[in-house]
file query29.cif (mmCIF, N, CA and C atoms)
data_coords
loop_
_atom_site.label_atom_id
_atom_site.label_comp_id
_atom_site.auth_asym_id
_atom_site.auth_seq_id
_atom_site.Cartn_x
_atom_site.Cartn_y
_atom_site.Cartn_z
N GLY Q 1 -2.36 17.88 5.96
CA GLY Q 1 -3.71 17.73 6.46
C GLY Q 1 -4.51 16.76 5.60
N VAL Q 2 -5.77 16.78 5.84
CA VAL Q 2 -6.69 15.86 5.16
C VAL Q 2 -6.67 16.08 3.65
N ALA Q 3 -6.67 17.33 3.22
CA ALA Q 3 -6.70 17.61 1.78
C ALA Q 3 -5.43 17.10 1.10
N ALA Q 4 -4.28 17.28 1.75
CA ALA Q 4 -3.02 16.80 1.17
C ALA Q 4 -3.01 15.27 1.07
N GLU Q 5 -3.51 14.60 2.11
CA GLU Q 5 -3.58 13.13 2.09
C GLU Q 5 -4.52 12.67 0.99
N ALA Q 6 -5.67 13.33 0.86
CA ALA Q 6 -6.63 12.96 -0.18
C ALA Q 6 -6.05 13.19 -1.56
N ARG Q 7 -5.32 14.30 -1.74
CA ARG Q 7 -4.67 14.58 -3.03
C ARG Q 7 -3.67 13.49 -3.37
N ALA Q 8 -2.83 13.12 -2.39
CA ALA Q 8 -1.82 12.08 -2.63
C ALA Q 8 -2.48 10.75 -2.97
N ALA Q 9 -3.54 10.41 -2.26
CA ALA Q 9 -4.24 9.15 -2.53
C ALA Q 9 -4.90 9.17 -3.91
N THR Q 10 -5.53 10.27 -4.25
CA THR Q 10 -6.19 10.39 -5.55
C THR Q 10 -5.18 10.30 -6.69
N GLU Q 11 -4.02 10.93 -6.50
CA GLU Q 11 -2.98 10.88 -7.53
C GLU Q 11 -2.47 9.46 -7.75
N ARG Q 12 -2.52 8.61 -6.71
CA ARG Q 12 -2.10 7.22 -6.84
C ARG Q 12 -3.22 6.32 -7.35
N GLY Q 13 -4.39 6.91 -7.59
CA GLY Q 13 -5.50 6.13 -8.12
C GLY Q 13 -6.38 5.51 -7.06
N ALA Q 14 -6.18 5.87 -5.80
CA ALA Q 14 -7.00 5.32 -4.72
C ALA Q 14 -8.38 5.97 -4.72
N VAL Q 15 -9.34 5.25 -4.18
CA VAL Q 15 -10.68 5.79 -4.02
C VAL Q 15 -10.71 6.55 -2.70
N VAL Q 16 -11.20 7.78 -2.73
CA VAL Q 16 -11.33 8.60 -1.53
C VAL Q 16 -12.82 8.82 -1.28
N LEU Q 17 -13.25 8.55 -0.06
CA LEU Q 17 -14.65 8.74 0.31
C LEU Q 17 -14.74 9.91 1.29
N PRO Q 18 -14.98 11.11 0.78
CA PRO Q 18 -15.02 12.28 1.66
C PRO Q 18 -16.33 12.33 2.45
N LEU Q 19 -16.22 12.57 3.73
CA LEU Q 19 -17.41 12.76 4.56
C LEU Q 19 -17.72 14.25 4.59
N ALA Q 20 -18.33 14.71 3.52
CA ALA Q 20 -18.60 16.14 3.38
C ALA Q 20 -19.47 16.66 4.52
N ARG Q 21 -20.24 15.79 5.13
CA ARG Q 21 -21.11 16.19 6.24
C ARG Q 21 -20.32 16.71 7.42
N THR Q 22 -19.01 16.40 7.47
CA THR Q 22 -18.18 16.89 8.57
C THR Q 22 -17.63 18.28 8.29
N GLY Q 23 -17.76 18.77 7.05
CA GLY Q 23 -17.25 20.09 6.69
C GLY Q 23 -15.75 20.05 6.47
N GLY Q 24 -15.12 21.20 6.53
CA GLY Q 24 -13.68 21.30 6.36
C GLY Q 24 -13.21 20.79 5.01
N ALA Q 25 -12.06 20.13 5.02
CA ALA Q 25 -11.45 19.65 3.78
C ALA Q 25 -12.38 18.69 3.04
N SER Q 26 -13.03 17.78 3.76
CA SER Q 26 -13.92 16.81 3.12
C SER Q 26 -15.13 17.47 2.48
N GLY Q 27 -15.40 18.69 2.89
CA GLY Q 27 -16.49 19.45 2.29
C GLY Q 27 -16.04 20.25 1.08
N GLY Q 28 -14.76 20.15 0.72
CA GLY Q 28 -14.25 20.83 -0.47
C GLY Q 28 -13.30 21.97 -0.18
N MET Q 29 -13.00 22.22 1.09
CA MET Q 29 -12.10 23.32 1.44
C MET Q 29 -10.64 22.86 1.35
N PHE Q 30 -9.72 23.80 1.46
CA PHE Q 30 -8.29 23.54 1.56
C PHE Q 30 -7.73 22.78 0.36
N ASP Q 31 -8.23 23.10 -0.83
CA ASP Q 31 -7.74 22.50 -2.07
C ASP Q 31 -7.93 20.98 -2.09
N PHE Q 32 -9.05 20.52 -1.51
CA PHE Q 32 -9.39 19.10 -1.56
C PHE Q 32 -9.58 18.72 -3.03
N PRO Q 33 -9.10 17.54 -3.46
CA PRO Q 33 -9.20 17.18 -4.89
C PRO Q 33 -10.65 17.12 -5.37
N LYS Q 34 -10.91 17.82 -6.46
CA LYS Q 34 -12.27 17.89 -7.01
C LYS Q 34 -12.78 16.51 -7.42
N ALA Q 35 -11.89 15.68 -7.96
CA ALA Q 35 -12.31 14.34 -8.41
C ALA Q 35 -12.84 13.51 -7.24
N ALA Q 36 -12.28 13.70 -6.06
CA ALA Q 36 -12.72 12.93 -4.89
C ALA Q 36 -14.08 13.38 -4.38
N LEU Q 37 -14.50 14.58 -4.78
CA LEU Q 37 -15.80 15.09 -4.34
C LEU Q 37 -16.94 14.61 -5.23
N GLU Q 38 -16.60 13.94 -6.33
CA GLU Q 38 -17.63 13.42 -7.24
C GLU Q 38 -18.03 12.01 -6.83
N ARG Q 39 -19.31 11.71 -6.97
CA ARG Q 39 -19.82 10.39 -6.59
C ARG Q 39 -19.21 9.31 -7.48
N PRO Q 40 -18.56 8.30 -6.86
CA PRO Q 40 -18.03 7.20 -7.67
C PRO Q 40 -19.18 6.37 -8.27
N ALA Q 41 -18.91 5.72 -9.36
CA ALA Q 41 -19.95 4.95 -10.08
C ALA Q 41 -20.54 3.84 -9.21
N PHE Q 42 -19.77 3.30 -8.28
CA PHE Q 42 -20.26 2.18 -7.47
C PHE Q 42 -21.11 2.64 -6.28
N ALA Q 43 -21.20 3.95 -6.05
CA ALA Q 43 -22.01 4.49 -4.94
C ALA Q 43 -23.40 4.85 -5.45
N THR Q 44 -24.40 4.46 -4.68
CA THR Q 44 -25.76 4.86 -5.05
C THR Q 44 -25.98 6.32 -4.63
N ASP Q 45 -27.02 6.92 -5.18
CA ASP Q 45 -27.35 8.30 -4.80
C ASP Q 45 -27.64 8.38 -3.30
N ALA Q 46 -28.33 7.38 -2.77
CA ALA Q 46 -28.69 7.39 -1.34
C ALA Q 46 -27.44 7.28 -0.47
N GLN Q 47 -26.52 6.39 -0.83
CA GLN Q 47 -25.28 6.27 -0.07
C GLN Q 47 -24.47 7.56 -0.10
N TRP Q 48 -24.37 8.16 -1.28
CA TRP Q 48 -23.58 9.38 -1.42
C TRP Q 48 -24.23 10.52 -0.62
N ALA Q 49 -25.55 10.57 -0.61
CA ALA Q 49 -26.26 11.61 0.14
C ALA Q 49 -25.97 11.49 1.64
N LEU Q 50 -25.86 10.25 2.14
CA LEU Q 50 -25.56 10.06 3.56
C LEU Q 50 -24.17 10.61 3.91
N LEU Q 51 -23.24 10.54 2.98
CA LEU Q 51 -21.90 11.07 3.22
C LEU Q 51 -21.86 12.60 3.11
N GLN Q 52 -22.82 13.16 2.38
CA GLN Q 52 -22.80 14.59 2.09
C GLN Q 52 -23.58 15.44 3.09
N HIS Q 53 -24.69 14.91 3.61
CA HIS Q 53 -25.63 15.74 4.37
C HIS Q 53 -25.78 15.21 5.79
N THR Q 54 -26.06 16.13 6.72
CA THR Q 54 -26.20 15.75 8.13
C THR Q 54 -27.61 15.35 8.52
N ASP Q 55 -28.55 15.34 7.56
CA ASP Q 55 -29.93 15.00 7.91
C ASP Q 55 -30.09 13.50 8.21
N GLY Q 56 -29.19 12.65 7.73
CA GLY Q 56 -29.25 11.23 8.04
C GLY Q 56 -28.51 10.94 9.34
N SER Q 57 -28.77 9.77 9.92
CA SER Q 57 -28.11 9.42 11.18
C SER Q 57 -26.64 9.07 10.94
N VAL Q 58 -25.85 9.21 11.98
CA VAL Q 58 -24.43 8.86 11.91
C VAL Q 58 -24.28 7.36 11.64
N GLU Q 59 -25.16 6.56 12.25
CA GLU Q 59 -25.11 5.12 12.05
C GLU Q 59 -25.35 4.75 10.59
N ASP Q 60 -26.35 5.39 9.97
CA ASP Q 60 -26.62 5.13 8.55
C ASP Q 60 -25.44 5.56 7.68
N CYS Q 61 -24.84 6.69 8.04
CA CYS Q 61 -23.67 7.18 7.30
C CYS Q 61 -22.53 6.17 7.40
N MET Q 62 -22.29 5.66 8.59
CA MET Q 62 -21.19 4.69 8.77
C MET Q 62 -21.47 3.39 8.03
N GLU Q 63 -22.72 2.95 8.00
CA GLU Q 63 -23.07 1.77 7.21
C GLU Q 63 -22.79 2.00 5.73
N ALA Q 64 -23.11 3.21 5.26
CA ALA Q 64 -22.85 3.55 3.86
C ALA Q 64 -21.35 3.57 3.59
N VAL Q 65 -20.57 4.15 4.51
CA VAL Q 65 -19.11 4.19 4.35
C VAL Q 65 -18.54 2.77 4.30
N LEU Q 66 -18.99 1.90 5.19
CA LEU Q 66 -18.50 0.52 5.19
C LEU Q 66 -18.83 -0.20 3.88
N GLU Q 67 -20.06 -0.03 3.43
CA GLU Q 67 -20.45 -0.69 2.18
C GLU Q 67 -19.66 -0.13 0.99
N LEU Q 68 -19.46 1.18 0.96
CA LEU Q 68 -18.68 1.78 -0.12
C LEU Q 68 -17.23 1.35 -0.06
N ALA Q 69 -16.68 1.23 1.14
CA ALA Q 69 -15.30 0.77 1.29
C ALA Q 69 -15.16 -0.66 0.81
N ARG Q 70 -16.17 -1.50 1.12
CA ARG Q 70 -16.14 -2.89 0.61
C ARG Q 70 -16.15 -2.91 -0.92
N LYS Q 71 -17.01 -2.09 -1.50
CA LYS Q 71 -17.09 -2.04 -2.96
C LYS Q 71 -15.79 -1.51 -3.56
N ALA Q 72 -15.21 -0.49 -2.93
CA ALA Q 72 -13.98 0.11 -3.45
C ALA Q 72 -12.82 -0.88 -3.37
N THR Q 73 -12.70 -1.61 -2.27
CA THR Q 73 -11.59 -2.55 -2.15
C THR Q 73 -11.79 -3.77 -3.03
N ALA Q 74 -13.02 -4.13 -3.30
CA ALA Q 74 -13.28 -5.26 -4.19
C ALA Q 74 -12.84 -4.92 -5.61
N ARG Q 75 -12.80 -3.63 -5.93
CA ARG Q 75 -12.42 -3.18 -7.27
C ARG Q 75 -10.90 -3.08 -7.43
N GLN Q 76 -10.15 -3.06 -6.32
CA GLN Q 76 -8.71 -2.87 -6.40
C GLN Q 76 -8.05 -4.13 -6.96
N PRO Q 77 -7.05 -3.95 -7.82
CA PRO Q 77 -6.37 -5.12 -8.37
C PRO Q 77 -5.56 -5.83 -7.30
N SER Q 78 -5.49 -7.13 -7.40
CA SER Q 78 -4.71 -7.91 -6.44
C SER Q 78 -3.23 -7.86 -6.82
N PHE Q 79 -2.40 -8.38 -5.93
CA PHE Q 79 -0.96 -8.45 -6.17
C PHE Q 79 -0.68 -9.19 -7.47
N GLU Q 80 -1.37 -10.32 -7.65
CA GLU Q 80 -1.18 -11.12 -8.85
C GLU Q 80 -1.59 -10.35 -10.11
N ASP Q 81 -2.68 -9.57 -10.00
CA ASP Q 81 -3.13 -8.78 -11.14
C ASP Q 81 -2.10 -7.72 -11.53
N LEU Q 82 -1.47 -7.12 -10.52
CA LEU Q 82 -0.51 -6.05 -10.78
C LEU Q 82 0.74 -6.53 -11.51
N ILE Q 83 1.26 -7.70 -11.10
CA ILE Q 83 2.51 -8.16 -11.70
C ILE Q 83 2.34 -9.33 -12.65
N GLY Q 84 1.17 -9.93 -12.66
CA GLY Q 84 0.91 -11.03 -13.59
C GLY Q 84 1.54 -12.36 -13.19
N VAL Q 85 2.00 -12.47 -11.94
CA VAL Q 85 2.62 -13.70 -11.46
C VAL Q 85 2.07 -13.96 -10.06
N ASP Q 86 1.85 -15.23 -9.72
CA ASP Q 86 1.31 -15.53 -8.40
C ASP Q 86 2.39 -15.37 -7.31
N ARG Q 87 1.95 -15.21 -6.09
CA ARG Q 87 2.85 -14.96 -4.96
C ARG Q 87 3.86 -16.07 -4.72
N GLY Q 88 3.44 -17.29 -4.91
CA GLY Q 88 4.36 -18.41 -4.69
C GLY Q 88 5.57 -18.34 -5.60
N THR Q 89 5.33 -18.02 -6.87
CA THR Q 89 6.42 -17.88 -7.83
C THR Q 89 7.32 -16.70 -7.45
N VAL Q 90 6.72 -15.58 -7.08
CA VAL Q 90 7.51 -14.42 -6.67
C VAL Q 90 8.36 -14.76 -5.46
N ALA Q 91 7.78 -15.45 -4.48
CA ALA Q 91 8.52 -15.83 -3.28
C ALA Q 91 9.71 -16.73 -3.63
N LYS Q 92 9.51 -17.66 -4.55
CA LYS Q 92 10.60 -18.54 -4.95
C LYS Q 92 11.72 -17.77 -5.66
N VAL Q 93 11.34 -16.87 -6.56
CA VAL Q 93 12.33 -16.08 -7.29
C VAL Q 93 13.11 -15.19 -6.32
N VAL Q 94 12.40 -14.53 -5.43
CA VAL Q 94 13.07 -13.66 -4.45
C VAL Q 94 13.98 -14.49 -3.55
N GLY Q 95 13.55 -15.68 -3.18
CA GLY Q 95 14.38 -16.56 -2.35
C GLY Q 95 15.66 -16.98 -3.06
N VAL Q 96 15.54 -17.37 -4.32
CA VAL Q 96 16.71 -17.80 -5.09
C VAL Q 96 17.66 -16.62 -5.31
N VAL Q 97 17.13 -15.48 -5.70
CA VAL Q 97 17.96 -14.30 -5.92
C VAL Q 97 18.65 -13.89 -4.62
N SER Q 98 17.92 -13.95 -3.51
CA SER Q 98 18.51 -13.58 -2.21
C SER Q 98 19.62 -14.55 -1.82
N LEU Q 99 19.43 -15.82 -2.09
CA LEU Q 99 20.47 -16.79 -1.80
C LEU Q 99 21.73 -16.52 -2.63
N ILE Q 100 21.54 -16.22 -3.90
CA ILE Q 100 22.68 -15.90 -4.77
C ILE Q 100 23.39 -14.65 -4.27
N VAL Q 101 22.62 -13.61 -3.94
CA VAL Q 101 23.22 -12.38 -3.42
C VAL Q 101 23.98 -12.66 -2.13
N LEU Q 102 23.39 -13.45 -1.25
CA LEU Q 102 24.04 -13.80 0.02
C LEU Q 102 25.35 -14.54 -0.22
N LEU Q 103 25.35 -15.50 -1.12
CA LEU Q 103 26.57 -16.26 -1.42
C LEU Q 103 27.65 -15.38 -2.05
N VAL Q 104 27.27 -14.59 -3.03
CA VAL Q 104 28.25 -13.72 -3.69
C VAL Q 104 28.81 -12.71 -2.71
N CYS Q 105 27.93 -12.08 -1.95
CA CYS Q 105 28.40 -11.09 -0.97
C CYS Q 105 29.27 -11.75 0.10
N GLY Q 106 28.89 -12.94 0.52
CA GLY Q 106 29.70 -13.65 1.50
C GLY Q 106 31.11 -13.91 0.97
N CYS Q 107 31.21 -14.33 -0.28
CA CYS Q 107 32.52 -14.57 -0.89
C CYS Q 107 33.34 -13.29 -1.01
N VAL Q 108 32.69 -12.21 -1.43
CA VAL Q 108 33.38 -10.93 -1.58
C VAL Q 108 33.83 -10.41 -0.22
N ILE Q 109 32.98 -10.52 0.77
CA ILE Q 109 33.34 -10.07 2.12
C ILE Q 109 34.51 -10.89 2.65
N TYR Q 110 34.45 -12.20 2.47
CA TYR Q 110 35.53 -13.07 2.92
C TYR Q 110 36.85 -12.70 2.23
N ALA Q 111 36.78 -12.46 0.90
CA ALA Q 111 37.99 -12.10 0.16
C ALA Q 111 38.56 -10.77 0.65
N ASP Q 112 37.70 -9.81 0.94
CA ASP Q 112 38.17 -8.53 1.45
C ASP Q 112 38.81 -8.67 2.83
N PHE Q 113 38.21 -9.48 3.69
CA PHE Q 113 38.82 -9.72 5.00
C PHE Q 113 40.19 -10.40 4.84
N SER Q 114 40.26 -11.35 3.92
CA SER Q 114 41.53 -12.07 3.68
C SER Q 114 42.63 -11.14 3.19
N ARG Q 115 42.27 -10.12 2.42
CA ARG Q 115 43.26 -9.17 1.91
C ARG Q 115 43.53 -8.04 2.90
N GLY Q 116 42.85 -8.10 4.05
CA GLY Q 116 43.05 -7.06 5.05
C GLY Q 116 42.24 -5.80 4.81
N ARG Q 117 41.30 -5.84 3.90
CA ARG Q 117 40.45 -4.67 3.59
C ARG Q 117 39.17 -4.74 4.43
N VAL Q 118 39.33 -4.55 5.73
CA VAL Q 118 38.20 -4.63 6.66
C VAL Q 118 37.17 -3.55 6.35
N ASP Q 119 37.64 -2.36 5.93
CA ASP Q 119 36.73 -1.28 5.62
C ASP Q 119 35.76 -1.66 4.49
N LEU Q 120 36.29 -2.28 3.44
CA LEU Q 120 35.43 -2.72 2.34
C LEU Q 120 34.50 -3.85 2.78
N ALA Q 121 35.04 -4.77 3.55
CA ALA Q 121 34.22 -5.90 4.01
C ALA Q 121 33.06 -5.40 4.87
N LEU Q 122 33.32 -4.44 5.75
CA LEU Q 122 32.25 -3.92 6.59
C LEU Q 122 31.23 -3.13 5.77
N THR Q 123 31.69 -2.38 4.79
CA THR Q 123 30.78 -1.64 3.91
C THR Q 123 29.87 -2.60 3.15
N GLN Q 124 30.47 -3.64 2.59
CA GLN Q 124 29.67 -4.62 1.85
C GLN Q 124 28.75 -5.40 2.78
N GLY Q 125 29.21 -5.65 3.98
CA GLY Q 125 28.35 -6.31 4.96
C GLY Q 125 27.14 -5.44 5.31
N GLY Q 126 27.38 -4.13 5.44
CA GLY Q 126 26.27 -3.21 5.70
C GLY Q 126 25.27 -3.18 4.56
N LEU Q 127 25.77 -3.18 3.34
CA LEU Q 127 24.87 -3.21 2.18
C LEU Q 127 24.07 -4.51 2.14
N LEU Q 128 24.72 -5.60 2.52
CA LEU Q 128 24.02 -6.88 2.56
C LEU Q 128 22.91 -6.85 3.60
N VAL Q 129 23.17 -6.27 4.75
CA VAL Q 129 22.15 -6.16 5.80
C VAL Q 129 20.99 -5.30 5.29
N LEU Q 130 21.28 -4.20 4.60
CA LEU Q 130 20.21 -3.36 4.04
C LEU Q 130 19.38 -4.13 3.02
N TYR Q 131 20.05 -4.91 2.17
CA TYR Q 131 19.33 -5.72 1.18
C TYR Q 131 18.41 -6.72 1.87
N LEU Q 132 18.93 -7.40 2.89
CA LEU Q 132 18.12 -8.39 3.60
C LEU Q 132 16.95 -7.72 4.32
N ALA Q 133 17.17 -6.51 4.83
CA ALA Q 133 16.07 -5.77 5.47
C ALA Q 133 15.00 -5.41 4.44
N LEU Q 134 15.42 -5.03 3.25
CA LEU Q 134 14.47 -4.73 2.18
C LEU Q 134 13.66 -5.96 1.81
N VAL Q 135 14.32 -7.09 1.67
CA VAL Q 135 13.61 -8.34 1.35
C VAL Q 135 12.62 -8.68 2.47
N ALA Q 136 13.04 -8.50 3.72
CA ALA Q 136 12.14 -8.78 4.85
C ALA Q 136 10.94 -7.84 4.83
N ALA Q 137 11.16 -6.56 4.51
CA ALA Q 137 10.06 -5.60 4.45
C ALA Q 137 9.07 -5.96 3.35
N VAL Q 138 9.57 -6.37 2.20
CA VAL Q 138 8.70 -6.77 1.10
C VAL Q 138 7.91 -8.02 1.49
N ALA Q 139 8.59 -8.99 2.11
CA ALA Q 139 7.91 -10.21 2.54
C ALA Q 139 6.82 -9.90 3.56
N TRP Q 140 7.12 -9.00 4.49
CA TRP Q 140 6.13 -8.62 5.50
C TRP Q 140 4.93 -7.93 4.84
N THR Q 141 5.19 -7.05 3.89
CA THR Q 141 4.11 -6.33 3.20
C THR Q 141 3.22 -7.29 2.44
N VAL Q 142 3.83 -8.22 1.72
CA VAL Q 142 3.04 -9.19 0.95
C VAL Q 142 2.23 -10.08 1.88
N SER Q 143 2.84 -10.54 2.99
CA SER Q 143 2.09 -11.40 3.92
C SER Q 143 0.97 -10.62 4.61
N SER Q 144 1.20 -9.34 4.91
CA SER Q 144 0.15 -8.51 5.52
C SER Q 144 -1.01 -8.32 4.54
N GLU Q 145 -0.68 -8.08 3.27
CA GLU Q 145 -1.70 -7.91 2.26
C GLU Q 145 -2.50 -9.20 2.09
N THR Q 146 -1.81 -10.33 2.16
CA THR Q 146 -2.47 -11.63 2.04
C THR Q 146 -3.42 -11.83 3.22
N LYS Q 147 -2.96 -11.50 4.42
CA LYS Q 147 -3.79 -11.65 5.62
C LYS Q 147 -4.99 -10.72 5.55
N THR Q 148 -4.78 -9.50 5.09
CA THR Q 148 -5.88 -8.54 4.98
C THR Q 148 -6.93 -9.03 4.01
N LYS Q 149 -6.48 -9.59 2.86
CA LYS Q 149 -7.42 -10.14 1.88
C LYS Q 149 -8.22 -11.29 2.49
N ALA Q 150 -7.55 -12.13 3.31
CA ALA Q 150 -8.21 -13.28 3.92
C ALA Q 150 -9.26 -12.84 4.94
N ASP Q 151 -8.95 -11.75 5.64
CA ASP Q 151 -9.89 -11.25 6.66
C ASP Q 151 -11.08 -10.62 5.98
#

call {"tool": "encode", "arguments": {"input": "query29.cif", "output": "structure tokens"}}
result
Amino acid sequence: GVAAEARAATERGAVVLPLARTGGASGGMFDFPKAALERPAFATDAQWALLQHTDGSVEDCMEAVLELARKATARQPSFEDLIGVDRGTVAKVVGVVSLIVLLVCGCVIYADFSRGRVDLALTQGGLLVLYLALVAAVAWTVSSETKTKAD
């Protein structure tokens, strides 16, 4: 539920903006993380009050949520900050390593087929496909994050 998702996000260091005005988990029930119920330093008292109490309009609350989300995401470290290397360099390194893996695996698979070890060749081919799928997933994630930052 909501409390479990908030707990998992908080444990990963994410900012959680509980809409306590809705009650339930966001209001502190169901073992909602206590740290997430505290006003973050970047939130003003007025913004936090809009998230906590129903006396303000829903529109004002949503404006406060959007502004707080902008502030929270502006504080998150970028990909480059996390690893200390720019994306272009990472892409080149991953490309070179993938090419080497592809060539080595291709040679090993060919050698296994030549020796009649089709079972080994197919197993190694499957592992190669999994590796390439992993590289594609990482590339997709990085490009999605780049697009999100641009938007």

call {"tool": "resolve_selection", "arguments": {"input": "query29.cif", "expression": "the PyMOL selection byres ((chain Q and resi 61-65) around 8)", "output": "PyMOL selection string"}}
result
chain Q and resi 17+46-52+56-60+66-71

call {"tool": "atom_distance", "arguments": {"input": "query29.cif", "atom1": "CA of Val97 (chain Q)", "atom2": "atom N of Val85 (chain Q)"}}
result
17.2 Å

call {"tool": "atom_distance", "arguments": {"input": "query29.cif", "atom1": "atom N of Pro33 (chain Q)", "atom2": "atom C of Val15 (chain Q)"}}
result
11.1 Å

call {"tool": "residues_around", "arguments": {"input": "query29.cif", "residues": "region 124-131 of chain Q", "least_positions_apart": "4", "cutoff": "7 Å", "atoms": "only N, CA and C atoms", "output": "VMD selection string"}}
result
chain Q and resid 105 109 119 to 120 135 to 136

call {"tool": "atom_distance", "arguments": {"input": "query29.cif", "atom1": "atom N of Ala137 (chain Q)", "atom2": "atom C of Ala72 (chain Q)"}}
result
25.9 Å

call {"tool": "select_by_dssp", "arguments": {"input": "query29.cif", "residues": "region 8-140 of chain Q", "states": "helix (DSSP H, G or I)", "output": "ChimeraX atom specification"}}
result
/Q:8-11,20-22,24-27,34-37,45-52,58-75,79-83,87-114,118-140

call {"tool": "residues_near_point", "arguments": {"input": "query29.cif", "point": "(-4.1, 17.5, -8.1)", "cutoff": "10 Å", "atoms": "only C-alpha atoms", "output": "number ranges by chain"}}
result
Q: 4, 6-8, 10-11, 31-35

call {"tool": "write_last_selection", "arguments": {"input": "query29.cif", "atoms": "N, CA and C atoms", "output": "PDB file, in the coordinates of the input"}}
result
ATOM      1  N   ALA Q   4      -4.280  17.280   1.750  1.00  0.00           N
ATOM      2  CA  ALA Q   4      -3.020  16.800   1.170  1.00  0.00           C
ATOM      3  C   ALA Q   4      -3.010  15.270   1.070  1.00  0.00           C
ATOM      4  N   ALA Q   6      -5.670  13.330   0.860  1.00  0.00           N
ATOM      5  CA  ALA Q   6      -6.630  12.960  -0.180  1.00  0.00           C
ATOM      6  C   ALA Q   6      -6.050  13.190  -1.560  1.00  0.00           C
ATOM      7  N   ARG Q   7      -5.320  14.300  -1.740  1.00  0.00           N
ATOM      8  CA  ARG Q   7      -4.670  14.580  -3.030  1.00  0.00           C
ATOM      9  C   ARG Q   7      -3.670  13.490  -3.370  1.00  0.00           C
ATOM     10  N   ALA Q   8      -2.830  13.120  -2.390  1.00  0.00           N
ATOM     11  CA  ALA Q   8      -1.820  12.080  -2.630  1.00  0.00           C
ATOM     12  C   ALA Q   8      -2.480  10.750  -2.970  1.00  0.00           C
ATOM     13  N   THR Q  10      -5.530  10.270  -4.250  1.00  0.00           N
ATOM     14  CA  THR Q  10      -6.190  10.390  -5.550  1.00  0.00           C
ATOM     15  C   THR Q  10      -5.180  10.300  -6.690  1.00  0.00           C
ATOM     16  N   GLU Q  11      -4.020  10.930  -6.500  1.00  0.00           N
ATOM     17  CA  GLU Q  11      -2.980  10.880  -7.530  1.00  0.00           C
ATOM     18  C   GLU Q  11      -2.470   9.460  -7.750  1.00  0.00           C
ATOM     19  N   ASP Q  31      -8.230  23.100  -0.830  1.00  0.00           N
ATOM     20  CA  ASP Q  31      -7.740  22.500  -2.070  1.00  0.00           C
ATOM     21  C   ASP Q  31      -7.930  20.980  -2.090  1.00  0.00           C
ATOM     22  N   PHE Q  32      -9.050  20.520  -1.510  1.00  0.00           N
ATOM     23  CA  PHE Q  32      -9.390  19.100  -1.560  1.00  0.00           C
ATOM     24  C   PHE Q  32      -9.580  18.720  -3.030  1.00  0.00           C
ATOM     25  N   PRO Q  33      -9.100  17.540  -3.460  1.00  0.00           N
ATOM     26  CA  PRO Q  33      -9.200  17.180  -4.890  1.00  0.00           C
ATOM     27  C   PRO Q  33     -10.650  17.120  -5.370  1.00  0.00           C
ATOM     28  N   LYS Q  34     -10.910  17.820  -6.460  1.00  0.00           N
ATOM     29  CA  LYS Q  34     -12.270  17.890  -7.010  1.00  0.00           C
ATOM     30  C   LYS Q  34     -12.780  16.510  -7.420  1.00  0.00           C
ATOM     31  N   ALA Q  35     -11.890  15.680  -7.960  1.00  0.00           N
ATOM     32  CA  ALA Q  35     -12.310  14.340  -8.410  1.00  0.00           C
ATOM     33  C   ALA Q  35     -12.840  13.510  -7.240  1.00  0.00           C
TER      34      ALA Q  35
END

call {"tool": "closest_residue", "arguments": {"input": "query29.cif", "among": "Q:Gly1, Q:Ser144, Q:Thr73, Q:Asp45", "to": "Val16 (chain Q)", "atoms": "only C-alpha atoms"}}
result
Q:Thr73
